[in-house]
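Colleague: So that you have it, the file is run.tsv, and it contains TSV, C-alpha atoms:
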```tsv
chain	number	residue	atom	x	y	z
N	1	ASN	CA	-13.50	-17.40	1.87
N	2	ASP	CA	-10.31	-18.60	0.20
N	3	PRO	CA	-7.32	-18.62	2.59
N	4	MET	CA	-4.46	-16.20	2.16
N	5	LYS	CA	-1.47	-17.58	0.26
N	6	LEU	CA	1.98	-16.10	0.75
N	7	LYS	CA	4.39	-16.14	-2.19
N	8	LEU	CA	8.01	-14.99	-2.12
N	9	LEU	CA	8.60	-13.11	-5.36
N	10	HIS	CA	12.12	-11.94	-4.52
N	11	LYS	CA	14.44	-12.96	-1.70
N	12	SER	CA	16.80	-10.02	-1.21
N	13	PRO	CA	15.33	-7.51	-0.88
N	14	PRO	CA	12.20	-9.46	0.07
N	15	VAL	CA	9.13	-8.83	-2.07
N	16	LEU	CA	6.02	-10.80	-1.14
N	17	CYS	CA	2.66	-11.43	-2.77
N	18	ILE	CA	-0.29	-12.31	-0.54
N	19	GLU	CA	-3.13	-13.82	-2.53
N	20	ASN	CA	-6.70	-13.44	-1.19
N	21	PHE	CA	-5.69	-10.72	1.26
N	22	PHE	CA	-9.07	-9.08	0.63
N	23	THR	CA	-12.28	-10.78	-0.37
N	24	SER	CA	-14.11	-9.58	-3.46
N	25	GLN	CA	-16.69	-7.87	-1.26
N	26	GLU	CA	-14.00	-6.10	0.76
N	27	CYS	CA	-12.44	-4.82	-2.46
N	28	THR	CA	-15.78	-3.44	-3.63
N	29	SER	CA	-16.65	-1.82	-0.29
N	30	MET	CA	-13.26	-0.08	-0.13
N	31	LYS	CA	-14.28	2.23	-2.95
N	32	ASP	CA	-17.19	3.50	-0.85
N	33	VAL	CA	-14.69	4.70	1.79
N	34	THR	CA	-13.66	7.51	-0.57
N	35	LYS	CA	-16.98	9.27	0.16
N	36	ASN	CA	-15.72	10.12	3.66
N	37	ALA	CA	-12.05	10.59	2.77
N	38	HIS	CA	-9.80	13.53	1.89
N	39	GLU	CA	-9.25	13.71	-1.87
N	40	VAL	CA	-6.02	15.03	-3.35
N	41	ASN	CA	-4.30	14.97	-6.70
N	42	SER	CA	-1.74	12.32	-5.82
N	43	ALA	CA	1.34	14.06	-4.50
N	44	THR	CA	4.89	13.01	-3.69
N	45	PHE	CA	7.34	14.37	-1.16
N	46	THR	CA	8.48	17.96	-1.58
N	47	GLY	CA	11.41	18.05	-3.99
N	48	ALA	CA	10.75	14.61	-5.45
N	49	LEU	CA	11.60	14.14	-9.13
N	50	SER	CA	8.99	11.47	-9.83
N	51	THR	CA	5.73	12.11	-11.68
N	52	ARG	CA	2.38	10.94	-10.31
N	53	THR	CA	-0.87	11.55	-12.16
N	54	SER	CA	-3.42	9.52	-10.20
N	55	THR	CA	-6.05	10.58	-7.64
N	56	SER	CA	-5.67	9.69	-3.96
N	57	TRP	CA	-7.97	9.68	-0.96
N	58	PHE	CA	-6.54	9.83	2.57
N	59	CYS	CA	-8.82	7.62	4.65
N	60	HIS	CA	-9.92	7.56	8.28
N	61	PHE	CA	-8.50	4.60	10.13
N	62	LYS	CA	-11.96	3.90	11.54
N	63	ASP	CA	-13.28	3.28	8.02
N	64	MET	CA	-10.60	0.69	7.20
N	65	ALA	CA	-11.33	-2.01	9.78
N	66	ALA	CA	-10.58	-5.00	7.53
N	67	LEU	CA	-7.25	-3.55	6.41
N	68	LEU	CA	-6.17	-2.76	9.97
N	69	ALA	CA	-7.25	-6.16	11.29
N	70	LYS	CA	-5.54	-8.19	8.58
N	71	ALA	CA	-2.35	-6.11	8.65
N	72	ASN	CA	-2.20	-6.40	12.43
N	73	VAL	CA	-2.91	-10.13	12.78
N	74	ALA	CA	-1.69	-11.68	9.52
N	75	LEU	CA	1.40	-9.47	9.13
N	76	ASN	CA	2.05	-8.55	12.78
N	77	ILE	CA	2.02	-4.81	12.06
N	78	PRO	CA	1.40	-2.65	15.18
N	79	LEU	CA	-1.50	-0.22	14.75
N	80	GLU	CA	0.49	2.69	16.16
N	81	THR	CA	3.09	2.44	13.37
N	82	MET	CA	0.55	2.51	10.51
N	83	GLU	CA	0.42	5.58	8.28
N	84	GLU	CA	-3.06	6.74	7.28
N	85	PRO	CA	-4.31	4.42	4.49
N	86	GLN	CA	-4.75	5.84	1.02
N	87	ILE	CA	-7.03	4.69	-1.77
N	88	VAL	CA	-5.62	5.48	-5.21
N	89	ARG	CA	-7.28	5.47	-8.62
N	90	TYR	CA	-5.37	5.31	-11.91
N	91	GLN	CA	-7.24	6.02	-15.15
N	92	LYS	CA	-6.09	5.60	-18.75
N	93	GLY	CA	-2.76	7.34	-19.33
N	94	GLN	CA	-2.03	7.80	-15.62
N	95	GLU	CA	1.08	6.48	-13.87
N	96	PHE	CA	3.55	6.90	-11.03
N	97	SER	CA	7.07	7.08	-12.43
N	98	TRP	CA	10.19	5.57	-10.82
N	99	HIS	CA	10.33	6.43	-7.13
N	100	TYR	CA	11.30	5.31	-3.65
N	101	ASP	CA	8.84	5.00	-0.76
N	102	GLU	CA	11.40	6.07	1.82
N	103	VAL	CA	10.82	9.30	3.77
N	104	PRO	CA	13.37	12.07	3.01
N	105	PRO	CA	15.90	12.64	5.84
N	106	THR	CA	14.47	16.09	6.59
N	107	GLN	CA	10.93	14.75	7.13
N	108	LEU	CA	11.46	11.94	9.64
N	109	GLU	CA	9.98	13.68	12.68
N	110	ASN	CA	6.64	11.81	12.44
N	111	GLY	CA	7.19	8.10	12.93
N	112	GLY	CA	10.69	7.91	11.54
N	113	GLN	CA	11.44	5.98	8.37
N	114	ARG	CA	8.95	3.86	6.45
N	115	LEU	CA	9.97	0.24	6.91
N	116	ALA	CA	7.27	-1.47	4.85
N	117	THR	CA	4.86	-0.82	2.00
N	118	LEU	CA	1.57	-2.73	1.91
N	119	LEU	CA	-0.40	-2.35	-1.31
N	120	VAL	CA	-3.67	-4.16	-2.03
N	121	TYR	CA	-5.14	-4.32	-5.53
N	122	LEU	CA	-8.90	-3.68	-5.61
N	123	THR	CA	-9.37	-4.43	-9.32
N	124	ASP	CA	-8.16	-6.93	-11.90
N	125	ILE	CA	-6.15	-5.37	-14.73
N	126	PRO	CA	-5.19	-7.46	-17.79
N	127	GLU	CA	-1.44	-7.58	-18.30
N	128	GLU	CA	-1.73	-5.92	-21.72
N	129	CYS	CA	-3.39	-2.88	-20.10
N	130	GLY	CA	-0.37	-1.91	-18.00
N	131	GLY	CA	-0.80	-0.78	-14.41
N	132	GLY	CA	1.68	-3.26	-12.96
N	133	THR	CA	4.00	-2.49	-10.05
N	134	ALA	CA	7.48	-2.79	-11.55
N	135	PHE	CA	10.87	-2.89	-9.79
N	136	ARG	CA	13.70	-1.52	-11.90
N	137	ASP	CA	16.58	-3.44	-10.33
N	138	LEU	CA	14.90	-6.73	-9.38
N	139	THR	CA	14.30	-9.75	-11.59
N	140	ILE	CA	12.35	-13.01	-11.45
N	141	ASP	CA	13.29	-15.87	-13.78
N	142	GLY	CA	15.58	-13.50	-15.63
N	143	LYS	CA	12.83	-10.96	-16.31
N	144	PRO	CA	12.07	-7.63	-14.59
N	145	LEU	CA	9.92	-8.12	-11.49
N	146	VAL	CA	6.41	-6.83	-12.19
N	147	MET	CA	3.35	-7.50	-10.02
N	148	ASN	CA	0.24	-7.33	-12.20
N	149	PRO	CA	-2.91	-6.16	-10.39
N	150	LYS	CA	-5.09	-9.04	-9.24
N	151	LYS	CA	-8.22	-8.20	-7.29
N	152	GLY	CA	-7.75	-8.96	-3.59
N	153	SER	CA	-4.01	-9.67	-3.79
N	154	ALA	CA	-1.52	-7.67	-1.75
N	155	LEU	CA	2.09	-6.70	-2.39
N	156	LEU	CA	4.46	-6.28	0.56
N	157	PHE	CA	8.01	-4.95	0.34
N	158	PHE	CA	10.45	-3.03	2.48
N	159	PRO	CA	11.79	0.40	1.40
N	160	ALA	CA	14.17	0.51	4.37
N	161	PHE	CA	16.08	-1.85	6.62
N	162	ARG	CA	14.95	-2.45	10.21
N	163	ASP	CA	17.40	0.20	11.47
N	164	GLY	CA	15.85	2.82	9.18
N	165	ARG	CA	18.52	2.88	6.46
N	166	PRO	CA	16.82	3.20	3.05
N	167	ASP	CA	17.12	0.22	0.70
N	168	ASP	CA	17.64	1.76	-2.72
N	169	ARG	CA	17.13	-1.59	-4.43
N	170	THR	CA	13.36	-1.07	-4.04
N	171	LEU	CA	13.06	1.63	-6.72
N	172	HIS	CA	9.71	0.97	-8.39
N	173	ARG	CA	6.92	2.48	-10.46
N	174	SER	CA	3.26	2.06	-11.30
N	175	GLU	CA	3.20	1.40	-15.03
N	176	ALA	CA	1.01	3.64	-17.15
N	177	MET	CA	-2.54	2.47	-17.80
N	178	VAL	CA	-3.00	1.99	-21.54
N	179	CYS	CA	-6.59	0.68	-21.65
N	180	ASP	CA	-9.83	2.52	-20.99
N	181	THR	CA	-10.27	1.03	-17.53
N	182	GLU	CA	-9.49	1.99	-13.94
N	183	LYS	CA	-6.97	0.57	-11.52
N	184	TRP	CA	-7.84	0.94	-7.83
N	185	ILE	CA	-5.52	0.16	-4.93
N	186	VAL	CA	-5.34	0.75	-1.20
N	187	GLN	CA	-1.88	1.41	0.19
N	188	MET	CA	-0.46	1.83	3.65
N	189	TRP	CA	3.06	2.44	4.89
N	190	VAL	CA	4.47	1.13	8.14
N	191	HIS	CA	6.83	3.32	10.14
N	192	LYS	CA	9.76	2.51	12.41
N	193	GLU	CA	8.15	4.36	15.32
N	194	ALA	CA	4.69	5.55	16.37
N	195	TYR	CA	3.03	7.67	13.68
N	196	SER	CA	0.40	10.42	14.07
N	197	ALA	CA	-2.11	10.80	11.24
N	198	VAL	CA	-2.08	14.09	9.32
N	199	LEU	CA	-5.18	13.70	7.10
N	200	PRO	CA	-8.17	13.83	7.17
N	201	ASP	CA	-8.81	16.19	10.10
N	202	GLY	CA	-9.43	14.28	13.30
N	203	ASN	CA	-7.94	11.05	11.97
N	204	SER	CA	-6.28	8.82	14.57
N	205	ASN	CA	-4.92	5.30	14.43
N	206	GLU	CA	-5.14	4.86	18.20
N	207	ALA	CA	-8.81	5.93	18.22
N	208	ALA	CA	-9.52	3.06	15.80
N	209	ARG	CA	-8.04	0.38	18.06
N	210	GLN	CA	-11.40	-0.95	19.31
N	211	ILE	CA	-12.76	-0.96	15.74
N	212	MET	CA	-9.72	-2.99	14.66
N	213	GLU	CA	-10.11	-5.42	17.55
N	214	ASP	CA	-13.81	-5.88	16.78
N	215	ALA	CA	-12.94	-6.63	13.16
N	216	ILE	CA	-10.31	-9.15	14.28
N	217	SER	CA	-13.00	-10.95	16.26
N	218	GLN	CA	-15.56	-10.78	13.44
N	219	LEU	CA	-13.04	-12.21	10.98
N	220	GLY	CA	-12.40	-15.13	13.30
N	221	TYR	CA	-8.76	-14.35	14.01
N	222	GLU	CA	-7.13	-15.30	17.28
N	223	GLN	CA	-4.83	-12.73	18.87
```
Mind turning this structure into structure tokens?

Modeller:
Amino acid sequence: NDPMKLKLLHKSPPVLCIENFFTSQECTSMKDVTKNAHEVNSATFTGALSTRTSTSWFCHFKDMAALLAKANVALNIPLETMEEPQIVRYQKGQEFSWHYDEVPPTQLENGGQRLATLLVYLTDIPEECGGGTAFRDLTIDGKPLVMNPKKGSALLFFPAFRDGRPDDRTLHRSEAMVCDTEKWIVQMWVHKEAYSAVLPDGNSNEAARQIMEDAISQLGYEQ
């Protein structure tokens, strides 16, 4: 398999692209996880002003071994701080308007603030078809920073500082899909403190620890 390649897209706030985070086969198999996941019409936090028109599946940690293993070893993310992974599908005309990933101050009781957003693209989307992840206030080479979906690549950025203060420079959106194709992603947020899964029923990050460790071994990583 091709090795991961880390690219710094923006320095402050840091926005990183990780090429080859997933293999092509891992991207394909992720879609099958939705069969055992909790489907919702993609929602935002209560009171949010953003518009989201995609479909999301809240996934069991135990079904996401490759994601857990790679996030834990390659990115040094503790399992106990991981929010339940979500698989999201955008079809033609669907989008997620400008929004922050930070948790509202009144909803911090489970895990505290989100410190990081990890998003992995499961499909290739031509630039002319939309679907990019765009940051309103960040630029690269004088142009707005937009990450176009590339199968297997991951996007990592930080909606809050290490102390939990939100970083409002990370306002972003998922651009509307304008072609008759589907964009699939898997996303996971990382919290400041230990997080307890809410969906699906019976989901637990800690119960998936052995599954994650087995995957780490199978992938050939050293802990």

Colleague: To one decimal place in Å, what is the distance between atom CA of Leu115 of chain N and atom CA of Gly164 of chain N?

Modeller: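 Spanning atom CA of Leu115 of chain N to atom CA of Gly164 of chain N is a straight-line distance of 6.8 Å.
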
Colleague: Calculate how many Å separate atom CA of Pro3 of chain N from atom CA of Arg209 of chain N, rounding to one decimal.

Modeller: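 If I compute the distance from atom CA of Pro3 of chain N to atom CA of Arg209 of chain N, I get 24.5 Å.
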
Colleague: Could I get the residues of segment 123-154 of chain N with an atom no further than 12 Å from an atom of segment 75-91 of chain N, each paired with its nearest atom pair and that distance in Å to one decimal, using only C-alpha atoms, sorted by chain and residue number, as CSV?

Modeller:
```
residue,atom,partner,partner_atom,distance
N:Thr123,CA,N:Arg89,CA,10.1
N:Ile125,CA,N:Tyr90,CA,11.1
N:Cys129,CA,N:Gln91,CA,10.9
N:Gly130,CA,N:Tyr90,CA,10.7
N:Gly131,CA,N:Tyr90,CA,8.0
N:Gly132,CA,N:Tyr90,CA,11.1
N:Pro149,CA,N:Tyr90,CA,11.8
N:Ala154,CA,N:Leu75,CA,11.4
```

Colleague: Take the residues from that selection and write them out as an mmCIF file, in the frame of the given file, keeping C-alpha atoms.

Modeller:
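Full text of again.cif as output:
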```cif
data_model
loop_
_atom_site.group_PDB
_atom_site.id
_atom_site.type_symbol
_atom_site.label_atom_id
_atom_site.label_comp_id
_atom_site.auth_asym_id
_atom_site.auth_seq_id
_atom_site.Cartn_x
_atom_site.Cartn_y
_atom_site.Cartn_z
ATOM 1 C CA THR N 123 -9.370 -4.430 -9.320
ATOM 2 C CA ILE N 125 -6.150 -5.370 -14.730
ATOM 3 C CA CYS N 129 -3.390 -2.880 -20.100
ATOM 4 C CA GLY N 130 -0.370 -1.910 -18.000
ATOM 5 C CA GLY N 131 -0.800 -0.780 -14.410
ATOM 6 C CA GLY N 132 1.680 -3.260 -12.960
ATOM 7 C CA PRO N 149 -2.910 -6.160 -10.390
ATOM 8 C CA ALA N 154 -1.520 -7.670 -1.750
#
```

Colleague: Neighbouring residues of Leu67 of chain N were defined as those with any atom within 12 Å, considering only C-alpha atoms; residues of the same chain fewer than 5 positions away were excluded. Please report them as number ranges by chain.

Modeller: N: 21-23, 26-27, 29-30, 59-62, 72-75, 77, 79, 82, 84-87, 118-120, 152, 154, 186-188, 208, 211-213, 215-216, 219

Colleague: Show me, as number ranges by chain, the residues that have an atom within 9 Å of segment 168-172 of chain N when counting all atoms listed in the file, minus same-chain residues fewer than 4 positions from it.

Modeller: N: 13, 96-102, 133-138, 157-160
